[in-house]
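K.L.:
Got final-v7.cif for you, mmCIF, C-alpha atoms:
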```
data_my_file
loop_
_atom_site.label_atom_id
_atom_site.label_comp_id
_atom_site.auth_asym_id
_atom_site.auth_seq_id
_atom_site.Cartn_x
_atom_site.Cartn_y
_atom_site.Cartn_z
CA MET A 4 -19.89 -2.57 -7.65
CA GLN A 5 -18.60 -5.29 -5.35
CA GLU A 6 -16.77 -3.93 -2.31
CA LEU A 7 -13.03 -3.73 -2.86
CA LYS A 8 -10.54 -4.80 -0.20
CA LYS A 9 -6.79 -4.62 0.09
CA GLY A 10 -5.20 -7.13 -2.26
CA TYR A 11 -8.19 -7.33 -4.63
CA LEU A 12 -7.69 -7.14 -8.40
CA PHE A 13 -9.94 -5.49 -10.97
CA ASN A 14 -9.86 -4.43 -14.61
CA TYR A 15 -10.16 -0.83 -15.75
CA LYS A 16 -9.77 0.01 -19.41
CA THR A 17 -6.97 -2.23 -20.70
CA SER A 18 -5.12 -2.79 -17.41
CA THR A 19 -5.43 -4.95 -14.34
CA TRP A 20 -5.10 -3.04 -11.07
CA LYS A 21 -4.35 -4.23 -7.56
CA VAL A 22 -5.65 -2.44 -4.44
CA THR A 23 -2.61 -1.70 -2.27
CA ASP A 24 -4.07 0.74 0.31
CA ILE A 25 -7.44 2.11 1.36
CA TYR A 26 -8.14 5.58 2.79
CA LYS A 27 -11.50 6.73 4.17
CA ILE A 28 -12.37 10.41 4.53
CA ASN A 29 -15.33 11.74 6.50
CA TRP A 30 -16.08 15.27 5.29
CA ASP A 31 -17.51 17.92 7.57
CA ASP A 32 -20.55 18.36 5.28
CA GLY A 33 -21.70 14.79 6.02
CA SER A 34 -20.44 13.14 2.84
CA ASN A 35 -17.60 10.63 2.76
CA THR A 36 -15.20 9.13 0.26
CA VAL A 37 -13.29 5.88 0.00
CA GLU A 38 -10.01 6.18 -1.85
CA TYR A 39 -8.30 3.06 -3.18
CA LYS A 40 -4.62 3.30 -4.01
CA VAL A 41 -4.08 0.95 -6.95
CA LYS A 42 -1.12 -0.26 -8.97
CA ASP A 43 -0.93 -2.00 -12.35
CA ARG A 44 1.60 -4.61 -13.51
CA SER A 45 4.03 -1.95 -14.75
CA GLY A 46 4.10 -0.23 -11.35
CA THR A 47 1.93 2.76 -12.33
CA VAL A 48 0.07 4.13 -9.29
CA ARG A 49 -3.40 5.67 -9.51
CA TYR A 50 -6.33 6.31 -7.15
CA LEU A 51 -9.90 5.09 -7.53
CA MET A 52 -12.27 7.28 -5.50
CA VAL A 53 -15.87 6.53 -4.61
CA GLU A 54 -17.83 9.47 -3.18
CA TYR A 55 -20.96 8.91 -1.11
CA VAL A 56 -23.47 11.74 -0.61
CA ARG A 57 -26.73 11.12 1.22
CA LYS A 58 -29.67 10.29 -1.11
CA GLU A 59 -27.40 10.47 -4.17
CA THR A 60 -25.90 7.77 -6.37
CA PRO A 61 -22.22 7.11 -5.53
CA LYS A 62 -19.80 8.96 -7.79
CA TYR A 63 -16.74 7.21 -9.26
CA THR A 64 -13.58 9.04 -10.28
CA PHE A 65 -10.06 7.94 -11.25
CA TRP A 66 -7.09 10.09 -10.19
CA GLU A 67 -3.42 10.68 -10.91
CA LYS A 68 -1.16 12.44 -8.42
CA LEU A 69 1.10 15.24 -9.73
CA TYR A 70 4.57 15.57 -8.22
CA ASP A 71 6.20 18.74 -9.56
CA ILE A 72 4.18 20.81 -7.10
CA GLU A 73 6.30 23.97 -6.85
CA SER A 74 6.49 24.40 -10.62
CA LEU A 75 2.81 23.63 -10.99
CA LEU A 76 1.72 26.12 -8.35
CA SER A 77 3.83 28.85 -9.92
CA GLN A 78 2.17 28.22 -13.28
CA ILE A 79 -1.41 28.34 -12.05
CA THR A 80 -1.05 31.31 -9.68
CA GLN A 81 1.15 33.78 -11.53
CA THR A 82 -1.58 35.47 -13.60
CA GLU A 83 -4.63 35.06 -11.39
CA THR A 84 -5.88 37.85 -9.14
CA ASP A 85 -9.02 36.19 -7.70
CA PHE A 86 -8.02 33.73 -4.98
CA VAL A 87 -9.44 31.32 -2.44
CA THR A 88 -7.51 31.34 0.82
CA ILE A 89 -6.64 28.66 3.38
CA ASN A 90 -4.79 30.13 6.35
CA ASN A 91 -1.99 32.15 4.70
CA ALA A 92 -2.02 30.18 1.45
CA LYS A 93 -3.71 31.60 -1.65
CA PHE A 94 -4.91 29.56 -4.61
CA PRO A 95 -6.58 30.80 -7.82
CA LYS A 96 -10.27 30.34 -8.51
CA GLN A 97 -9.64 29.78 -12.22
CA PHE A 98 -6.66 28.47 -14.21
CA TYR A 99 -5.64 26.31 -17.16
CA TYR A 100 -3.81 23.01 -16.91
CA ASP A 101 -3.09 20.77 -19.93
CA ASP A 102 -5.31 23.05 -22.03
CA ILE A 103 -8.28 22.48 -19.72
CA GLU A 104 -9.95 25.37 -17.93
CA TYR A 105 -10.64 24.58 -14.31
CA ASN A 106 -12.93 26.63 -12.10
CA PHE A 107 -13.13 26.54 -8.32
CA ASP A 108 -16.06 24.40 -7.16
CA GLU A 109 -15.85 24.12 -3.38
CA ARG A 110 -13.65 23.78 -0.34
CA CYS A 111 -14.10 20.61 1.70
CA ASP A 112 -12.58 19.93 5.13
CA GLY A 113 -12.50 16.46 6.62
CA THR A 114 -10.69 13.73 8.53
CA CYS A 115 -8.86 10.91 6.76
CA TYR A 116 -8.64 7.50 8.42
CA TYR A 117 -5.92 5.00 7.48
CA ASP A 118 -5.40 1.84 9.56
CA TYR A 119 -5.32 3.19 13.13
CA GLU A 120 -4.28 6.73 12.25
CA SER A 121 -6.25 9.87 11.38
CA GLU A 122 -5.29 13.21 9.84
CA ARG A 123 -7.13 16.42 8.97
CA VAL A 124 -7.25 17.54 5.34
CA ASN A 125 -8.44 20.69 3.55
CA SER A 126 -9.35 20.12 -0.09
CA LEU A 127 -9.91 22.72 -2.82
CA ASP A 128 -11.90 21.13 -5.62
CA TYR A 129 -11.98 22.38 -9.22
CA THR A 130 -13.91 21.11 -12.23
CA ASN A 131 -14.13 21.74 -15.96
CA SER A 132 -17.23 23.08 -17.69
CA ASP A 133 -19.09 19.76 -17.94
CA ASP A 134 -17.97 18.21 -14.63
CA THR A 135 -16.07 15.34 -16.22
CA GLN A 136 -12.52 16.36 -15.32
CA PHE A 137 -11.29 17.44 -11.93
CA PHE A 138 -8.38 19.09 -10.20
CA ALA A 139 -7.79 18.91 -6.43
CA ILE A 140 -5.35 20.74 -4.14
CA GLN A 141 -5.21 19.07 -0.73
CA LEU A 142 -3.46 20.49 2.32
CA TRP A 143 -2.45 17.91 4.90
CA ASP A 144 -0.65 18.42 8.21
CA ASP A 145 2.80 18.57 6.64
CA GLU A 146 2.40 18.56 2.85
CA ILE A 147 0.41 19.62 -0.21
CA GLU A 148 -0.94 17.06 -2.67
CA ILE A 149 -2.19 17.94 -6.17
CA SER A 150 -4.13 15.51 -8.34
CA THR A 151 -6.16 15.40 -11.53
CA GLY A 152 -9.12 13.10 -12.00
CA ILE A 153 -11.75 12.01 -14.50
CA LEU A 154 -15.34 10.90 -14.07
CA ILE A 155 -15.92 7.19 -14.70
CA SER A 156 -18.84 4.77 -14.40
CA LYS A 157 -18.95 1.97 -11.85
CA ASN A 158 -19.45 -0.35 -14.85
CA ASP A 159 -15.94 0.57 -15.98
CA ILE A 160 -14.65 -1.46 -13.01
CA THR A 161 -14.91 -5.10 -14.07
CA ASN A 162 -13.67 -8.59 -13.23
CA ILE A 163 -13.16 -7.93 -9.51
CA GLN A 164 -11.18 -10.78 -7.97
CA GLU A 165 -10.10 -11.62 -4.47
CA ARG A 166 -6.43 -12.53 -4.63
CA LYS A 167 -6.12 -15.83 -2.77
CA SER A 168 -2.97 -17.57 -1.65
CA SER A 169 -2.37 -21.15 -2.78
CA SER A 170 -3.70 -23.92 -0.54
CA VAL A 171 -0.14 -25.11 0.10
CA ALA A 172 0.93 -21.65 1.28
CA ASN A 173 -2.14 -21.39 3.50
CA THR A 174 -1.44 -24.78 5.07
CA ILE A 175 2.20 -23.92 5.72
CA GLY A 176 1.26 -20.58 7.24
CA LYS A 177 -1.42 -22.10 9.46
CA TYR A 178 0.76 -24.89 10.83
CA PHE A 179 4.16 -23.17 10.67
CA VAL A 180 4.86 -23.36 14.40
CA GLY A 181 3.85 -27.02 14.49
CA PHE A 182 6.18 -27.83 11.59
CA ILE A 183 9.09 -26.10 13.33
CA PHE A 184 8.47 -27.86 16.65
CA GLY A 185 8.05 -31.25 14.98
CA GLY A 186 11.24 -30.75 12.99
CA PHE A 187 13.16 -29.86 16.15
CA ILE A 188 11.96 -33.05 17.89
CA LEU A 189 12.91 -35.16 14.87
CA VAL A 190 16.39 -33.68 14.62
CA THR A 191 16.92 -34.21 18.37
CA LEU A 192 15.92 -37.88 18.12
CA LEU A 193 18.22 -38.45 15.15
CA LEU A 194 21.15 -36.81 16.92
CA ASN A 195 20.59 -38.98 19.99
CA LYS A 196 20.45 -42.09 17.82
CA CYS A 197 23.67 -41.16 16.03
CA SER A 198 25.34 -40.48 19.36
CA ASN A 199 24.35 -43.89 20.70
CA ASN A 200 25.66 -45.62 17.56
CA SER A 201 28.89 -43.64 17.26
CA TRP A 202 32.23 -45.08 16.32
CA ASN A 203 33.37 -44.82 19.92
CA ASP A 204 30.57 -47.22 20.97
CA ARG A 205 31.72 -49.76 18.36
CA ARG A 206 35.39 -49.29 19.11
CA ASP A 207 37.71 -51.98 17.80
CA PRO A 208 41.16 -51.63 19.40
CA ASN A 209 42.75 -53.42 16.47
CA ASP A 210 41.34 -50.95 13.90
CA SER A 211 44.00 -48.28 13.27
CA THR A 212 41.90 -46.35 10.72
CA LYS A 213 39.70 -44.74 13.37
CA VAL A 214 40.60 -41.58 15.23
CA TYR A 215 39.23 -41.29 18.76
CA ARG A 216 38.69 -37.88 20.28
CA ASN A 217 39.20 -37.22 23.94
CA THR A 218 35.79 -36.21 25.27
CA ASN A 219 37.44 -33.59 27.46
CA ASN A 220 38.72 -31.60 24.46
CA TYR A 221 36.56 -28.62 23.47
CA TYR A 222 36.83 -27.22 19.97
CA ARG A 223 34.91 -25.21 17.36
CA GLY A 224 34.84 -25.64 13.65
CA ARG A 225 35.20 -21.85 13.21
CA SER A 226 36.19 -18.94 15.35
CA SER A 227 33.58 -17.49 17.71
CA ARG A 228 34.54 -14.09 16.34
CA GLY A 229 33.00 -14.95 12.98
CA TYR A 230 29.50 -14.06 11.77
CA GLY A 231 26.82 -14.55 14.33
CA LYS A 232 27.18 -15.57 17.93
#
```
Starting from the coordinates I provided, produce the structure as structure tokens.

P.N.:
Amino acid sequence: MQELKKGYLFNYKTSTWKVTDIYKINWDDGSNTVEYKVKDRSGTVRYLMVEYVRKETPKYTFWEKLYDIESLLSQITQTETDFVTINNAKFPKQFYYDDIEYNFDERCDGTCYYDYESERVNSLDYTNSDDTQFFAIQLWDDEIEISTGILISKNDITNIQERKSSSVANTIGKYFVGFIFGGFILVTLLLNKCSNNSWNDRRDPNDSTKVYRNTNNYYRGRSSRGYGK
């Protein structure tokens, strides 16, 4: 699969998705993952994850984040007596969610890198019986994230496109400062020309239709207490 970058578009199933953020996690076991936050035209947010393990083919999964965390945790922990523990938190090794039985697979600890920031994460990974559906509980510095995912093929990601700005927009952006400076010079020249050709310079003492202002009078068109300075 072609490398994805922020702003790229691709097709998955029947939707077009845009990459809005990219997170990279280096796991303590030597593997690493690249997680692409993606959004479709309706505003639905999902996560495309590519996992790299040495000497293995990259693994592609597609994830949805779950938000009713307190209710969800109470459902999956209330009947389970066999737990995996992280610090003082206990999580079950087996549970059902959406009629799927998930079993604890492994705990992974790593460091997530985003822009110029980094954060430690502890992840509890669960899988169904045939390793096609996944459940992850991730503990970050100040929050818990829970997500479900499915196994996909890299061939499911099609029509990757770099989203390019129009040539006009690129030109304006590149020469923006020059346009502003040139416009300022032009306006200054026009004002000077108008000043030199003002009514006062063509004053006809016999013309009573013109009103001449005393150059010593200072006035404003609106109060200085209005909007702005």

K.L.:
Applied to this file, what does the PyMOL selection byres ((chain A and resi 9) around 10) return in terms of residues, put as a list of chain:residue names?

P.N.:
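Checking the PyMOL selection byres ((chain A and resi 9) around 10) against this file, the residues are A:Leu7, A:Lys8, A:Gly10, A:Tyr11, A:Leu12, A:Lys21, A:Val22, A:Thr23, A:Asp24, A:Ile25, A:Tyr39, A:Lys40, A:Val41, A:Glu165, A:Arg166.
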
K.L.:
So, with all atoms listed in the file as the atoms that count, which of A:Thr19, A:Ser77, A:Ser150, A:Ser126 lies closest to Phe107 (chain A)?

P.N.:
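The answer is A:Ser126, which sits nearest to Phe107 (chain A).
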
K.L.:
Quick one: which residues end up in the PyMOL selection byres ((chain A and resi 42-54) around 6) for this structure, as number ranges by chain?

P.N.:
A: 19-21, 36-41, 55, 61-67

K.L.:
In Å to one decimal, how far is CA of Asn131 (chain A) from CA of Lys93 (chain A)?

P.N.:
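CA of Asn131 (chain A) lies 20.3 Å from CA of Lys93 (chain A).
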
K.L.:
Please compute the CA of Cys111 (chain A)-CA of Ser34 (chain A) distance, one decimal, in Å.

P.N.:
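If I compute the distance from CA of Cys111 (chain A) to CA of Ser34 (chain A), I get 9.9 Å.
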
K.L.:
Pull all heavy atoms for region 90-101 of chain A from the block and write them as a short mmCIF file (atom, residue, chain, number, x, y, z; two decimals), in the first residue's frame.

P.N.:
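Below you can see out-v5.cif, which holds the result:
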```cif
data_model
loop_
_atom_site.label_atom_id
_atom_site.label_comp_id
_atom_site.auth_asym_id
_atom_site.auth_seq_id
_atom_site.Cartn_x
_atom_site.Cartn_y
_atom_site.Cartn_z
N ASN A 90 -1.47 -1.74 37.38
CA ASN A 90 -1.46 -0.94 38.61
C ASN A 90 -2.60 -1.42 39.51
O ASN A 90 -2.64 -2.58 39.88
CB ASN A 90 -1.57 0.55 38.29
CG ASN A 90 -0.38 1.04 37.47
OD1 ASN A 90 0.73 0.55 37.64
ND2 ASN A 90 -0.61 1.99 36.59
N ASN A 91 -3.55 -0.54 39.83
CA ASN A 91 -4.67 -0.95 40.69
C ASN A 91 -5.92 -1.28 39.90
O ASN A 91 -6.97 -1.58 40.47
CB ASN A 91 -4.99 0.16 41.70
CG ASN A 91 -3.85 0.40 42.67
OD1 ASN A 91 -3.18 -0.55 43.08
ND2 ASN A 91 -3.63 1.65 43.04
N ALA A 92 -5.82 -1.21 38.57
CA ALA A 92 -7.00 -1.47 37.73
C ALA A 92 -7.05 -2.94 37.32
O ALA A 92 -6.03 -3.54 36.96
CB ALA A 92 -6.95 -0.59 36.49
N LYS A 93 -8.25 -3.52 37.38
CA LYS A 93 -8.46 -4.91 37.00
C LYS A 93 -9.39 -5.01 35.80
O LYS A 93 -10.41 -4.32 35.75
CB LYS A 93 -9.06 -5.70 38.16
CG LYS A 93 -8.16 -5.83 39.38
CD LYS A 93 -8.84 -6.67 40.46
CE LYS A 93 -7.94 -6.85 41.67
NZ LYS A 93 -8.60 -7.67 42.72
N PHE A 94 -9.02 -5.86 34.86
CA PHE A 94 -9.83 -6.05 33.66
C PHE A 94 -9.96 -7.55 33.41
O PHE A 94 -9.02 -8.32 33.63
CB PHE A 94 -9.19 -5.36 32.46
CG PHE A 94 -8.99 -3.88 32.65
CD1 PHE A 94 -7.79 -3.39 33.14
CD2 PHE A 94 -10.02 -3.00 32.37
CE1 PHE A 94 -7.61 -2.03 33.32
CE2 PHE A 94 -9.84 -1.63 32.56
CZ PHE A 94 -8.64 -1.15 33.04
N PRO A 95 -11.13 -7.99 32.92
CA PRO A 95 -11.37 -9.43 32.75
C PRO A 95 -10.54 -10.03 31.62
O PRO A 95 -10.17 -9.34 30.67
CB PRO A 95 -12.86 -9.49 32.42
CG PRO A 95 -13.15 -8.18 31.78
CD PRO A 95 -12.29 -7.18 32.50
N LYS A 96 -10.27 -11.31 31.74
CA LYS A 96 -9.55 -12.01 30.67
C LYS A 96 -10.49 -12.55 29.60
O LYS A 96 -10.06 -12.91 28.50
CB LYS A 96 -8.74 -13.17 31.26
CG LYS A 96 -7.52 -12.70 32.05
CD LYS A 96 -6.65 -13.88 32.46
CE LYS A 96 -5.38 -13.42 33.15
NZ LYS A 96 -4.51 -14.56 33.55
N GLN A 97 -11.79 -12.60 29.92
CA GLN A 97 -12.77 -13.08 28.95
C GLN A 97 -14.10 -12.35 29.18
O GLN A 97 -14.50 -12.14 30.32
CB GLN A 97 -12.98 -14.58 29.09
CG GLN A 97 -13.94 -15.18 28.06
CD GLN A 97 -14.21 -16.65 28.33
OE1 GLN A 97 -14.79 -17.01 29.35
NE2 GLN A 97 -13.77 -17.50 27.41
N PHE A 98 -14.77 -11.98 28.09
CA PHE A 98 -16.07 -11.31 28.21
C PHE A 98 -16.76 -11.34 26.84
O PHE A 98 -16.15 -11.68 25.82
CB PHE A 98 -15.91 -9.87 28.70
CG PHE A 98 -15.08 -9.00 27.79
CD1 PHE A 98 -15.65 -8.30 26.74
CD2 PHE A 98 -13.71 -8.88 28.01
CE1 PHE A 98 -14.89 -7.51 25.91
CE2 PHE A 98 -12.94 -8.08 27.18
CZ PHE A 98 -13.53 -7.39 26.13
N TYR A 99 -18.02 -10.98 26.85
CA TYR A 99 -18.80 -10.87 25.62
C TYR A 99 -19.14 -9.40 25.36
O TYR A 99 -19.48 -8.66 26.28
CB TYR A 99 -20.11 -11.66 25.72
CG TYR A 99 -19.92 -13.16 25.60
CD1 TYR A 99 -19.60 -13.92 26.71
CD2 TYR A 99 -20.06 -13.80 24.36
CE1 TYR A 99 -19.42 -15.29 26.62
CE2 TYR A 99 -19.90 -15.17 24.26
CZ TYR A 99 -19.59 -15.91 25.39
OH TYR A 99 -19.42 -17.27 25.28
N TYR A 100 -19.03 -9.01 24.08
CA TYR A 100 -19.47 -7.68 23.68
C TYR A 100 -20.09 -7.80 22.29
O TYR A 100 -19.46 -8.35 21.37
CB TYR A 100 -18.30 -6.69 23.65
CG TYR A 100 -18.72 -5.31 23.19
CD1 TYR A 100 -19.46 -4.48 24.03
CD2 TYR A 100 -18.42 -4.86 21.91
CE1 TYR A 100 -19.87 -3.22 23.60
CE2 TYR A 100 -18.82 -3.61 21.47
CZ TYR A 100 -19.55 -2.80 22.32
OH TYR A 100 -19.97 -1.56 21.89
N ASP A 101 -21.32 -7.31 22.14
CA ASP A 101 -22.06 -7.43 20.87
C ASP A 101 -22.11 -8.89 20.40
O ASP A 101 -21.91 -9.18 19.21
CB ASP A 101 -21.44 -6.55 19.79
CG ASP A 101 -21.97 -5.12 19.84
OD1 ASP A 101 -22.86 -4.85 20.67
OD2 ASP A 101 -21.49 -4.29 19.05
#
```
